[in-house]
file target_0.tsv (TSV, C-alpha atoms and all ligand atoms)
chain	number	residue	atom	x	y	z
A	160	MET	CA	-26.03	12.39	-9.08
A	161	SER	CA	-27.86	9.17	-9.88
A	162	TYR	CA	-26.44	6.25	-11.79
A	163	PRO	CA	-29.30	4.60	-13.65
A	164	HIS	CA	-27.11	1.78	-14.92
A	165	ALA	CA	-25.51	0.84	-11.62
A	166	LYS	CA	-28.05	-1.86	-11.02
A	167	ALA	CA	-28.59	-2.56	-14.65
A	168	SER	CA	-31.70	-4.59	-14.76
A	169	MET	CA	-34.14	-5.27	-12.01
A	170	ALA	CA	-36.81	-7.75	-13.04
A	171	LEU	CA	-39.69	-9.35	-11.22
A	172	TYR	CA	-40.06	-13.06	-11.86
A	173	THR	CA	-43.16	-15.03	-10.98
A	174	LEU	CA	-42.19	-18.57	-10.06
A	175	PRO	CA	-44.60	-21.52	-10.37
A	176	ASN	CA	-45.10	-21.60	-6.60
A	177	GLN	CA	-46.19	-17.95	-6.80
A	178	PHE	CA	-43.18	-16.57	-4.80
A	179	ILE	CA	-42.06	-13.19	-6.11
A	180	VAL	CA	-38.27	-13.00	-6.46
A	181	GLU	CA	-36.32	-9.86	-7.21
A	182	VAL	CA	-33.46	-10.57	-9.65
A	183	ILE	CA	-30.77	-7.94	-9.76
A	184	THR	CA	-28.29	-8.02	-12.62
A	185	MET	CA	-25.12	-6.14	-11.80
A	186	LYS	CA	-23.14	-4.40	-14.51
A	187	THR	CA	-19.86	-6.16	-15.24
A	188	PHE	CA	-16.84	-4.06	-16.13
A	189	ALA	CA	-13.19	-4.94	-16.72
A	190	VAL	CA	-9.87	-3.11	-16.52
A	191	LEU	CA	-6.52	-3.73	-18.22
A	192	THR	CA	-3.15	-2.02	-18.59
A	193	SER	CA	-1.46	-1.93	-22.01
A	194	GLY	CA	1.70	-0.63	-23.68
A	195	GLY	CA	4.67	0.37	-21.53
A	196	ASP	CA	4.04	0.22	-17.79
A	197	ALA	CA	3.96	3.56	-15.98
A	198	PRO	CA	4.25	4.38	-12.26
A	199	GLY	CA	0.77	5.18	-10.99
A	200	MET	CA	-1.03	2.56	-13.06
A	201	ASN	CA	-1.67	0.62	-9.85
A	202	ALA	CA	-3.28	3.66	-8.26
A	203	ALA	CA	-5.57	3.84	-11.31
A	204	ILE	CA	-6.44	0.13	-11.11
A	205	ARG	CA	-7.26	0.55	-7.42
A	206	SER	CA	-9.43	3.54	-8.18
A	207	VAL	CA	-11.34	1.77	-10.97
A	208	VAL	CA	-11.96	-1.31	-8.81
A	209	ARG	CA	-13.05	0.56	-5.71
A	210	THR	CA	-15.27	2.98	-7.62
A	211	ALA	CA	-16.95	0.14	-9.51
A	212	SER	CA	-17.47	-1.67	-6.25
A	213	PHE	CA	-18.89	1.48	-4.64
A	214	TYR	CA	-21.55	1.52	-7.36
A	215	GLU	CA	-22.21	-2.18	-6.89
A	216	CYS	CA	-20.70	-3.27	-10.18
A	217	ARG	CA	-18.73	-6.45	-10.74
A	218	ILE	CA	-15.17	-5.71	-11.85
A	219	LEU	CA	-12.73	-8.06	-13.55
A	220	GLY	CA	-9.05	-7.60	-14.33
A	221	ILE	CA	-7.48	-8.69	-17.60
A	222	ARG	CA	-3.80	-9.59	-17.27
A	223	HIS	CA	-1.10	-8.70	-19.83
A	224	GLY	CA	-3.17	-6.13	-21.75
A	225	TYR	CA	-4.73	-7.24	-25.03
A	226	GLN	CA	-2.64	-10.43	-24.98
A	227	GLY	CA	-4.56	-11.51	-21.89
A	228	MET	CA	-7.83	-10.65	-23.60
A	229	ILE	CA	-6.90	-13.00	-26.44
A	230	ASP	CA	-5.76	-15.72	-23.98
A	231	ASP	CA	-8.74	-15.35	-21.61
A	232	ASP	CA	-6.43	-14.40	-18.73
A	233	VAL	CA	-9.11	-12.87	-16.51
A	234	LEU	CA	-9.51	-12.59	-12.74
A	235	GLU	CA	-12.13	-11.22	-10.37
A	236	LEU	CA	-11.07	-8.06	-8.53
A	237	THR	CA	-12.39	-6.85	-5.20
A	238	PRO	CA	-11.70	-3.75	-3.10
A	239	GLY	CA	-9.46	-5.89	-0.89
A	240	SER	CA	-7.49	-7.37	-3.76
A	241	VAL	CA	-6.22	-3.92	-4.75
A	242	GLY	CA	-5.07	-3.03	-1.25
A	243	ASP	CA	-1.41	-2.12	-0.66
A	244	ILE	CA	-0.69	-1.40	-4.33
A	245	ILE	CA	-1.07	2.41	-4.46
A	246	GLN	CA	2.64	2.85	-3.67
A	247	ARG	CA	3.94	0.20	-6.07
A	248	GLY	CA	5.51	0.88	-9.46
A	249	GLY	CA	4.73	-1.19	-12.56
A	250	THR	CA	1.28	-2.72	-12.91
A	251	VAL	CA	-0.09	-5.61	-10.87
A	252	LEU	CA	-2.20	-6.60	-13.90
A	253	GLN	CA	1.00	-6.69	-15.96
A	254	THR	CA	1.06	-5.36	-19.49
A	255	ALA	CA	2.09	-6.20	-23.05
A	256	ARG	CA	2.61	-4.91	-26.53
A	257	CYS	CA	0.41	-7.29	-28.51
A	258	GLU	CA	0.75	-7.27	-32.29
A	259	ALA	CA	-1.85	-10.05	-32.62
A	260	PHE	CA	-4.58	-7.75	-31.32
A	261	LYS	CA	-4.15	-5.56	-34.40
A	262	THR	CA	-5.34	-8.45	-36.59
A	263	PRO	CA	-9.01	-9.40	-37.17
A	264	VAL	CA	-8.38	-12.86	-35.67
A	265	GLY	CA	-6.82	-11.44	-32.50
A	266	LEU	CA	-9.59	-8.88	-32.12
A	267	ALA	CA	-12.27	-11.57	-32.54
A	268	LYS	CA	-10.63	-13.70	-29.83
A	269	GLY	CA	-10.55	-10.69	-27.51
A	270	ILE	CA	-14.24	-9.98	-28.09
A	271	ALA	CA	-15.08	-13.63	-27.44
A	272	THR	CA	-13.35	-13.38	-24.03
A	273	LEU	CA	-15.32	-10.25	-23.14
A	274	GLN	CA	-18.58	-11.93	-24.16
A	275	LYS	CA	-17.76	-15.10	-22.24
A	276	HIS	CA	-17.41	-13.09	-19.02
A	277	GLY	CA	-20.37	-10.82	-19.71
A	278	ILE	CA	-18.13	-7.75	-19.77
A	279	GLU	CA	-20.15	-4.74	-20.91
A	280	GLY	CA	-17.65	-1.97	-20.26
A	281	LEU	CA	-13.86	-1.84	-20.37
A	282	VAL	CA	-11.34	0.61	-18.89
A	283	VAL	CA	-8.05	0.66	-20.82
A	284	ILE	CA	-5.09	2.23	-19.01
A	285	GLY	CA	-2.31	2.99	-21.49
A	286	GLY	CA	-1.10	5.30	-24.22
A	287	ASP	CA	-2.54	6.36	-27.56
A	288	GLY	CA	-1.66	2.97	-29.10
A	289	SER	CA	-3.72	1.21	-26.43
A	290	PHE	CA	-6.63	3.54	-27.14
A	291	ARG	CA	-6.60	2.43	-30.78
A	292	GLY	CA	-7.16	-1.11	-29.54
A	293	ALA	CA	-10.05	0.13	-27.38
A	294	TYR	CA	-11.51	1.99	-30.34
A	295	ALA	CA	-11.41	-1.22	-32.40
A	296	LEU	CA	-13.40	-3.00	-29.65
A	297	ALA	CA	-15.96	-0.19	-29.52
A	298	GLN	CA	-16.80	-0.85	-33.19
A	299	TYR	CA	-18.25	-4.17	-31.93
A	300	GLY	CA	-20.45	-2.58	-29.28
A	301	ILE	CA	-18.13	-2.84	-26.27
A	302	GLN	CA	-18.27	0.28	-24.11
A	303	VAL	CA	-14.71	1.59	-23.69
A	304	ILE	CA	-13.08	4.38	-21.70
A	305	GLY	CA	-9.34	5.15	-21.77
A	306	ILE	CA	-7.12	6.38	-18.95
A	307	PRO	CA	-3.88	8.09	-20.08
A	308	GLY	CA	-1.05	6.02	-18.66
A	309	THR	CA	2.36	6.52	-20.26
A	310	ILE	CA	5.59	8.09	-19.06
A	311	ASP	CA	5.87	9.79	-22.47
A	312	ASN	CA	3.04	12.33	-21.87
A	313	ASP	CA	2.51	12.31	-25.62
A	314	ILE	CA	-1.26	11.89	-25.79
A	315	PRO	CA	-3.05	14.79	-27.52
A	316	GLY	CA	-5.97	16.15	-25.49
A	317	THR	CA	-4.62	15.73	-21.97
A	318	ASP	CA	-2.12	17.86	-20.07
A	319	GLU	CA	-1.00	14.90	-17.99
A	320	SER	CA	-0.65	11.16	-18.30
A	321	ILE	CA	-0.01	8.83	-15.37
A	322	GLY	CA	3.70	8.07	-14.95
A	323	PHE	CA	5.17	11.20	-16.50
A	324	ASP	CA	5.74	13.03	-13.22
A	325	THR	CA	7.50	10.05	-11.63
A	326	ALA	CA	9.65	9.43	-14.71
A	327	VAL	CA	10.75	13.07	-14.79
A	328	ASN	CA	11.61	13.01	-11.09
A	329	THR	CA	13.53	9.75	-11.47
A	330	ALA	CA	15.56	11.16	-14.35
A	331	VAL	CA	16.27	14.42	-12.50
A	332	GLU	CA	17.46	12.49	-9.44
A	333	ALA	CA	19.78	10.42	-11.64
A	334	ILE	CA	21.13	13.55	-13.32
A	335	ASP	CA	21.81	15.19	-9.95
A	336	ARG	CA	24.12	12.24	-9.28
A	337	ILE	CA	25.73	12.57	-12.70
A	338	ARG	CA	26.27	16.25	-11.95
A	339	ASP	CA	28.36	15.37	-8.87
A	340	THR	CA	30.82	13.33	-10.90
A	341	ALA	CA	30.66	15.74	-13.87
A	342	SER	CA	31.68	18.69	-11.70
A	343	SER	CA	34.41	16.68	-9.93
A	344	HIS	CA	36.06	15.90	-13.30
A	345	ASP	CA	35.06	19.01	-15.25
A	346	ARG	CA	33.38	16.80	-17.83
A	347	THR	CA	30.57	17.39	-20.28
A	348	TYR	CA	27.73	14.87	-20.00
A	349	VAL	CA	25.25	13.84	-22.64
A	350	VAL	CA	22.20	12.19	-21.06
A	351	GLU	CA	19.57	10.39	-23.14
A	352	VAL	CA	16.03	10.25	-21.78
A	353	MET	CA	13.00	8.30	-22.98
A	354	GLY	CA	9.88	9.67	-24.64
A	355	HIS	CA	9.39	7.68	-27.85
A	356	ARG	CA	8.72	10.41	-30.47
A	357	SER	CA	8.01	13.08	-27.87
A	358	GLY	CA	10.34	15.61	-26.24
A	359	ALA	CA	8.07	16.09	-23.21
A	360	ILE	CA	10.31	14.20	-20.76
A	361	ALA	CA	13.45	15.87	-22.15
A	362	LEU	CA	12.01	19.37	-21.76
A	363	SER	CA	10.82	18.90	-18.18
A	364	VAL	CA	14.01	17.08	-17.19
A	365	GLY	CA	16.13	19.72	-18.94
A	366	MET	CA	14.37	22.52	-17.09
A	367	ALA	CA	14.56	20.79	-13.71
A	368	ALA	CA	18.16	19.60	-14.07
A	369	GLY	CA	19.51	22.91	-15.39
A	370	ALA	CA	20.64	21.54	-18.75
A	371	ALA	CA	22.95	23.60	-20.95
A	372	SER	CA	21.22	22.29	-24.06
A	373	ILE	CA	18.15	20.14	-24.86
A	374	LEU	CA	17.49	18.21	-28.07
A	375	ILE	CA	13.89	17.25	-28.84
A	376	PRO	CA	12.33	15.57	-31.90
A	377	GLU	CA	9.77	18.33	-32.38
A	378	GLU	CA	12.48	20.78	-33.48
A	379	PRO	CA	15.18	20.51	-36.16
A	380	GLN	CA	18.46	19.06	-34.87
A	381	ASP	CA	21.12	21.76	-35.09
A	382	PRO	CA	24.58	20.66	-33.86
A	383	ASP	CA	25.87	24.24	-34.19
A	384	ARG	CA	23.22	25.43	-31.76
A	385	VAL	CA	24.40	22.86	-29.18
A	386	LEU	CA	28.03	23.89	-29.68
A	387	ALA	CA	27.17	27.58	-29.37
A	388	GLN	CA	25.27	26.89	-26.12
A	389	LEU	CA	28.15	24.87	-24.65
A	390	ASN	CA	30.71	27.50	-25.64
A	391	LYS	CA	28.62	30.26	-24.13
A	392	ALA	CA	28.24	28.27	-20.90
A	393	ARG	CA	32.01	27.66	-20.80
A	394	GLU	CA	32.74	31.37	-21.38
A	395	ARG	CA	30.85	32.28	-18.24
A	396	GLY	CA	32.76	29.61	-16.29
A	397	LYS	CA	30.60	26.48	-16.55
A	398	LYS	CA	32.93	23.48	-16.68
A	399	HIS	CA	30.51	20.56	-16.46
A	400	PRO	CA	27.55	21.24	-18.75
A	401	ILE	CA	24.79	18.67	-19.22
A	402	VAL	CA	23.14	18.07	-22.59
A	403	ILE	CA	19.74	16.31	-22.54
A	404	VAL	CA	18.83	14.29	-25.62
A	405	ALA	CA	15.33	12.94	-26.14
A	406	GLU	CA	15.57	9.41	-27.57
A	407	GLY	CA	13.37	10.46	-30.49
A	408	ALA	CA	15.68	13.36	-31.39
A	409	ALA	CA	19.06	11.69	-31.75
A	410	CYS	CA	21.25	8.91	-30.46
A	411	ALA	CA	23.14	10.18	-27.40
A	412	MET	CA	26.23	8.19	-28.43
A	413	ASP	CA	26.34	10.06	-31.76
A	414	VAL	CA	25.88	13.41	-30.01
A	415	GLY	CA	28.71	12.50	-27.62
A	416	GLU	CA	30.98	11.56	-30.51
A	417	PHE	CA	30.20	14.82	-32.28
A	418	LEU	CA	31.00	16.85	-29.16
A	419	ARG	CA	34.28	14.98	-28.58
A	420	ASN	CA	35.39	16.16	-31.99
A	421	HIS	CA	34.39	19.77	-31.39
A	422	ILE	CA	35.02	20.71	-27.75
A	423	ALA	CA	38.07	20.57	-25.50
A	424	SER	CA	36.50	18.97	-22.43
A	425	GLU	CA	36.13	15.24	-21.84
A	426	VAL	CA	32.69	13.92	-22.81
A	427	ARG	CA	30.74	11.06	-21.24
A	428	VAL	CA	27.39	9.63	-22.31
A	429	THR	CA	24.65	8.08	-20.13
A	430	VAL	CA	21.49	6.47	-21.45
A	431	LEU	CA	19.03	6.42	-18.54
A	432	GLY	CA	16.77	3.80	-20.16
A	433	HIS	CA	14.10	1.84	-18.37
A	434	ILE	CA	14.94	3.06	-14.85
A	435	GLN	CA	12.68	5.96	-15.89
A	436	ARG	CA	9.70	3.58	-16.02
A	437	GLY	CA	10.22	1.96	-12.62
A	438	GLY	CA	9.92	2.97	-8.99
A	439	SER	CA	7.27	4.07	-6.57
A	440	PRO	CA	4.88	6.60	-8.15
A	441	SER	CA	5.04	10.25	-7.10
A	442	ALA	CA	2.16	11.75	-5.15
A	443	ARG	CA	0.99	13.46	-8.35
A	444	ASP	CA	0.79	10.19	-10.28
A	445	ARG	CA	-1.11	8.51	-7.44
A	446	ILE	CA	-3.56	11.40	-7.33
A	447	LEU	CA	-3.99	11.27	-11.12
A	448	GLY	CA	-4.66	7.53	-10.88
A	449	GLY	CA	-7.32	8.18	-8.26
A	450	LEU	CA	-9.03	10.96	-10.21
A	451	TYR	CA	-8.90	9.24	-13.60
A	452	GLY	CA	-10.10	5.87	-12.29
A	453	THR	CA	-13.16	7.34	-10.60
A	454	GLU	CA	-14.06	9.40	-13.66
A	455	ALA	CA	-13.63	6.43	-16.02
A	456	VAL	CA	-16.14	4.33	-14.05
A	457	ARG	CA	-18.51	7.28	-13.75
A	458	LEU	CA	-18.46	7.68	-17.54
A	459	LEU	CA	-19.14	3.96	-18.07
A	460	LEU	CA	-22.10	4.18	-15.73
A	461	GLU	CA	-23.43	7.14	-17.67
A	462	GLY	CA	-23.31	5.06	-20.84
A	463	MET	CA	-20.38	6.97	-22.37
A	464	THR	CA	-17.98	5.19	-24.71
A	465	ASN	CA	-14.97	5.88	-26.97
A	466	HIS	CA	-13.60	8.62	-24.72
A	467	MET	CA	-10.37	9.20	-22.82
A	468	VAL	CA	-10.48	10.84	-19.41
A	469	ALA	CA	-8.14	13.81	-19.44
A	470	MET	CA	-6.70	16.65	-17.40
A	471	CYS	CA	-7.39	20.04	-18.93
A	472	GLY	CA	-6.05	22.91	-16.83
A	473	ALA	CA	-6.91	21.66	-13.35
A	474	ARG	CA	-10.12	19.95	-14.46
A	475	VAL	CA	-10.78	16.30	-15.16
A	476	THR	CA	-12.68	16.00	-18.40
A	477	ALA	CA	-13.37	13.56	-21.26
A	478	VAL	CA	-12.03	13.72	-24.82
A	479	PRO	CA	-13.34	11.60	-27.73
A	480	PHE	CA	-10.82	9.06	-29.02
A	481	THR	CA	-11.32	10.44	-32.53
A	482	GLU	CA	-9.97	13.80	-31.32
A	483	VAL	CA	-6.99	12.07	-29.71
A	484	PHE	CA	-6.21	10.26	-32.99
A	485	ASP	CA	-6.75	13.29	-35.24
A	486	ARG	CA	-4.50	15.64	-33.32
A	487	GLN	CA	-0.71	15.77	-33.18
A	488	HIS	CA	1.07	15.83	-29.85
A	489	GLU	CA	2.61	19.28	-29.35
A	490	ALA	CA	5.81	19.92	-27.44
A	491	ASN	CA	5.85	22.65	-24.81
A	492	LEU	CA	8.28	24.87	-26.72
A	493	PHE	CA	7.83	27.58	-24.12
A	494	TYR	CA	9.79	25.35	-21.72
A	495	HIS	CA	12.54	25.11	-24.32
A	496	ARG	CA	12.89	28.87	-24.64
A	497	ILE	CA	12.97	29.33	-20.86
A	498	ALA	CA	15.49	26.50	-20.38
A	499	ASP	CA	17.75	28.13	-23.01
A	500	ILE	CA	17.55	31.51	-21.28
A	501	LEU	CA	18.33	29.99	-17.89
A	502	ALA	CA	21.28	27.98	-19.21
A	503	VAL	CA	23.52	31.02	-19.76
A	601	LIG	N1	-4.49	0.03	-34.40
A	601	LIG	C1	-4.56	-0.83	-33.38
A	601	LIG	N2	-5.53	-1.78	-33.34
A	601	LIG	C2	-5.61	-2.65	-32.32
A	601	LIG	N3	-4.75	-2.62	-31.25
A	601	LIG	C3	-3.79	-1.71	-31.24
A	601	LIG	C4	-3.64	-0.76	-32.30
A	601	LIG	N4	-2.57	0.03	-31.99
A	601	LIG	C5	-2.08	-0.42	-30.82
A	601	LIG	N5	-2.81	-1.45	-30.36
A	601	LIG	C6	-2.58	-2.24	-29.15
A	601	LIG	O1	-2.10	-1.41	-28.08
A	601	LIG	C7	-0.83	-1.90	-27.64
A	601	LIG	C8	-0.02	-0.80	-27.04
A	601	LIG	O2	0.28	0.19	-28.02
A	601	LIG	P1	1.68	0.98	-27.98
A	601	LIG	O3	2.78	-0.03	-28.03
A	601	LIG	O4	1.63	2.00	-29.05
A	601	LIG	O5	1.76	1.61	-26.53
A	601	LIG	P2	0.97	2.84	-25.88
A	601	LIG	O6	-0.35	2.38	-25.43
A	601	LIG	O7	0.99	4.02	-26.81
A	601	LIG	O8	1.84	3.10	-24.58
A	601	LIG	P3	3.39	3.56	-24.48
A	601	LIG	O9	3.67	4.43	-25.66
A	601	LIG	O10	3.48	4.26	-23.18
A	601	LIG	O11	4.19	2.32	-24.46
A	601	LIG	C9	-0.25	-2.57	-28.89
A	601	LIG	O12	0.78	-3.47	-28.58
A	601	LIG	C10	-1.49	-3.28	-29.41
A	601	LIG	O13	-1.77	-4.43	-28.66
A	602	LIG	O1	9.66	-1.12	-23.16
A	602	LIG	P1	10.06	-1.01	-24.58
A	602	LIG	O2	9.25	-1.90	-25.46
A	602	LIG	O3	11.52	-1.11	-24.74
A	602	LIG	O4	9.62	0.44	-25.07
A	602	LIG	C1	10.33	1.60	-24.85
A	602	LIG	C2	9.42	2.74	-25.15
A	602	LIG	O5	8.38	2.75	-24.20
A	602	LIG	C3	8.35	3.98	-23.51
A	602	LIG	O6	9.12	3.83	-22.34
A	602	LIG	C4	6.94	4.37	-23.19
A	602	LIG	O7	6.32	3.48	-22.43
A	602	LIG	C5	9.02	4.95	-24.46
A	602	LIG	O8	9.51	6.08	-23.81
A	602	LIG	C6	10.07	4.10	-25.09
A	602	LIG	O9	10.39	4.56	-26.39
A	603	MG	MG	2.50	5.53	-27.04
call {"tool": "encode", "arguments": {"input": "target_0.tsv", "output": "structure tokens"}}
result
Amino acid sequence: MSYPHAKASMALYTLPNQFIVEVITMKTFAVLTSGGDAPGMNAAIRSVVRTASFYECRILGIRHGYQGMIDDDVLELTPGSVGDIIQRGGTVLQTARCEAFKTPVGLAKGIATLQKHGIEGLVVIGGDGSFRGAYALAQYGIQVIGIPGTIDNDIPGTDESIGFDTAVNTAVEAIDRIRDTASSHDRTYVVEVMGHRSGAIALSVGMAAGAASILIPEEPQDPDRVLAQLNKARERGKKHPIVIVAEGAACAMDVGEFLRNHIASEVRVTVLGHIQRGGSPSARDRILGGLYGTEAVRLLLEGMTNHMVAMCGARVTAVPFTEVFDRQHEANLFYHRIADILAV
């Protein structure tokens, strides 16, 4: 495959002394991470930088997401500068939630920074919110490609986002520990997991941790259903059931209080919180970072804009931002049914 834009413009200049000089203008791209950090973002940064470098493009990093774009917090990245980061959690470029970027003034400042550095194409690693920022930039002629990077796995159009697999594994490991103390005391545990308005983490964690009941925001909250599931589990001898609550579905403390008033066993509540966002990325998230980063640069070189790279089945593909924004995230309700069957 050829990349016509890799060496963007090649001009022949005739100097006064009649020497012919070849002037090569490299494409300049930039990469940033935005929204909540997610394990595997560093693998994606590494992939973007090394792929851009492979195609002889200049690549800059913007620190602190859109805040750094407003503040002109930009640095040059090289293949060597992204060494030894593939295994690290968080994001070496750091990230931010930047309200100012949603305003015309903030956006104008961001565009001025891109123009100042001659940035023609931008890779945004983040969630659907971050892609809205990228879309706003594209309206002003900046070429933008998004890489799904959020533990929530709530972006319509892609099966997987970077960070989800690690977050699920982290939560399952924590719940395995909770299970030890739960079984020692014959206690019921309510565990709250992250996910913003999505039940994706809760469903995968619930399946993998053998939860007795799972509450997700995509389905109506039915306390009687939870009670019935716990009673059924107890009838067949289960003395330490675990209830998984997605943060978008209910407050785990409230669920715990409700259960205390309705079941005989002692109830404890654990909110796993931000430990789900940290830690070394799983092999899957590193691989996703590698695949997505390479594809994002390839799309920029082909002149594509306003698209998110995505995993569809086992294939890396590209989805227009408009499709991402128009569609609703759908929970994998099949997981829920299976988890319910396996709980009793
Ligand atoms: N409509 C918008 N216009 C411009 N920028 C936006 C818009 N929506 C979001 N952004 C920018 O993207 C940032 C990140 O968005 P958001 O907080 O929704 O996180 P996200 O990318 O969805 O990731 P996560 O959900 O994993 O935290 C916002 O703080 C803001 O800077
Ligand atoms: O880091 P913050 O701003 O507390 O945001 C927490 C939110 O971010 C996420 O962790 C996603 O990045 C959500 O699951 C959660 O609702
Ligand atoms: Mg989001």
call {"tool": "residues_around", "arguments": {"input": "target_0.tsv", "residues": "stretch 414-420 of chain A", "least_positions_apart": "4", "cutoff": "10 Å", "atoms": "all atoms listed in the file", "output": "PyMOL selection string"}}
result
chain A and resi 347-351+374+382+385-386+389+402+404+409-410+424-429
call {"tool": "write_last_selection", "arguments": {"input": "target_0.tsv", "atoms": "C-alpha atoms", "output": "tab-separated table (two decimals), in the frame of the given file"}}
result
chain	number	residue	atom	x	y	z
A	347	THR	CA	30.57	17.39	-20.28
A	348	TYR	CA	27.73	14.87	-20.00
A	349	VAL	CA	25.25	13.84	-22.64
A	350	VAL	CA	22.20	12.19	-21.06
A	351	GLU	CA	19.57	10.39	-23.14
A	374	LEU	CA	17.49	18.21	-28.07
A	382	PRO	CA	24.58	20.66	-33.86
A	385	VAL	CA	24.40	22.86	-29.18
A	386	LEU	CA	28.03	23.89	-29.68
A	389	LEU	CA	28.15	24.87	-24.65
A	402	VAL	CA	23.14	18.07	-22.59
A	404	VAL	CA	18.83	14.29	-25.62
A	409	ALA	CA	19.06	11.69	-31.75
A	410	CYS	CA	21.25	8.91	-30.46
A	424	SER	CA	36.50	18.97	-22.43
A	425	GLU	CA	36.13	15.24	-21.84
A	426	VAL	CA	32.69	13.92	-22.81
A	427	ARG	CA	30.74	11.06	-21.24
A	428	VAL	CA	27.39	9.63	-22.31
A	429	THR	CA	24.65	8.08	-20.13
call {"tool": "residues_near_ligand", "arguments": {"input": "target_0.tsv", "ligand": "ligand LIG 601 (chain A)", "cutoff": "10 Å", "atoms": "all atoms listed in the file", "output": "VMD selection string"}}
result
chain A and resid 192 to 197 223 to 226 254 to 263 265 to 266 283 to 296 307 to 314 320 to 323 354 to 357 436
call {"tool": "residues_near_point", "arguments": {"input": "target_0.tsv", "point": "(8.5, 3.2, -6.7)", "cutoff": "9 Å", "atoms": "only C-alpha atoms", "output": "list of chain:residue names"}}
result
A:Pro198, A:Gln246, A:Arg247, A:Gly248, A:Gly249, A:Thr325, A:Gly437, A:Gly438, A:Ser439, A:Pro440, A:Ser441
call {"tool": "atom_distance", "arguments": {"input": "target_0.tsv", "atom1": "atom CA of A:Ala473", "atom2": "atom CA of A:Ala203"}}
result
18.0 Å
call {"tool": "closest_residue", "arguments": {"input": "target_0.tsv", "among": "A:Leu501, A:Ile301, A:Ala408, A:Val456", "to": "A:Gly358", "atoms": "all atoms listed in the file"}}
result
A:Ala408
call {"tool": "residues_near_point", "arguments": {"input": "target_0.tsv", "point": "(17.9, 28.6, -20.3)", "cutoff": "9 Å", "atoms": "all atoms listed in the file", "output": "PyMOL selection string"}}
result
chain A and resi 366+369-372+494-503
call {"tool": "closest_residue", "arguments": {"input": "target_0.tsv", "among": "A:Val483, A:Ala405, A:Ile221, A:Ile375", "to": "A:Gly432", "atoms": "all atoms listed in the file"}}
result
A:Ala405
call {"tool": "residues_around", "arguments": {"input": "target_0.tsv", "residues": "A:Arg474", "least_positions_apart": "5", "cutoff": "12 Å", "atoms": "only C-alpha atoms", "output": "PDB file with C-alpha atoms, in the coordinates of the input"}}
result
ATOM      1  CA  THR A 317      -4.620  15.730 -21.970  1.00  0.00           C
ATOM      2  CA  ASP A 318      -2.120  17.860 -20.070  1.00  0.00           C
ATOM      3  CA  GLU A 319      -1.000  14.900 -17.990  1.00  0.00           C
ATOM      4  CA  LEU A 447      -3.990  11.270 -11.120  1.00  0.00           C
ATOM      5  CA  LEU A 450      -9.030  10.960 -10.210  1.00  0.00           C
ATOM      6  CA  TYR A 451      -8.900   9.240 -13.600  1.00  0.00           C
ATOM      7  CA  GLU A 454     -14.060   9.400 -13.660  1.00  0.00           C
ATOM      8  CA  VAL A 468     -10.480  10.840 -19.410  1.00  0.00           C
ATOM      9  CA  ALA A 469      -8.140  13.810 -19.440  1.00  0.00           C
TER      10      ALA A 469
END
call {"tool": "closest_residue", "arguments": {"input": "target_0.tsv", "among": "A:Leu236, A:Val190, A:Val327, A:Ala341", "to": "A:Lys397", "atoms": "only C-alpha atoms"}}
result
A:Ala341
call {"tool": "closest_residue", "arguments": {"input": "target_0.tsv", "among": "A:Glu406, A:Asp339, A:Asp413, A:Glu489", "to": "ligand LIG 602 (chain A)", "atoms": "all atoms listed in the file"}}
result
A:Glu406
call {"tool": "closest_residue", "arguments": {"input": "target_0.tsv", "among": "A:Met353, A:Ala271, A:Ala455, A:Ala477", "to": "ligand MG 603 (chain A)", "atoms": "all atoms listed in the file"}}
result
A:Met353
call {"tool": "decode", "arguments": {"input": "target_0.tsv", "residues": "stretch 416-435 of chain A", "atoms": "C-alpha atoms", "output": "compact mmCIF listing (two decimals), in the first residue's frame"}}
result
# COMPACT_ATOMS: atom_id res chain seq x y z
CA GLU A 416 -29.35 -0.74 53.37
CA PHE A 417 -32.32 -2.25 51.54
CA LEU A 418 -30.89 -5.76 51.84
CA ARG A 419 -30.13 -5.31 55.56
CA ASN A 420 -33.83 -4.67 56.08
CA HIS A 421 -34.93 -7.69 54.07
CA ILE A 422 -32.48 -10.57 54.57
CA ALA A 423 -31.16 -12.37 57.63
CA SER A 424 -27.45 -12.38 56.78
CA GLU A 425 -25.00 -9.60 57.59
CA VAL A 426 -24.44 -7.22 54.67
CA ARG A 427 -21.28 -5.32 53.77
CA VAL A 428 -20.76 -2.81 50.97
CA THR A 429 -17.59 -2.12 48.95
CA VAL A 430 -17.23 0.62 46.36
CA LEU A 431 -14.26 -0.35 44.18
CA GLY A 432 -13.82 3.17 42.75
CA HIS A 433 -10.78 4.39 40.89
CA ILE A 434 -8.62 1.30 41.50
CA GLN A 435 -10.48 0.04 38.42
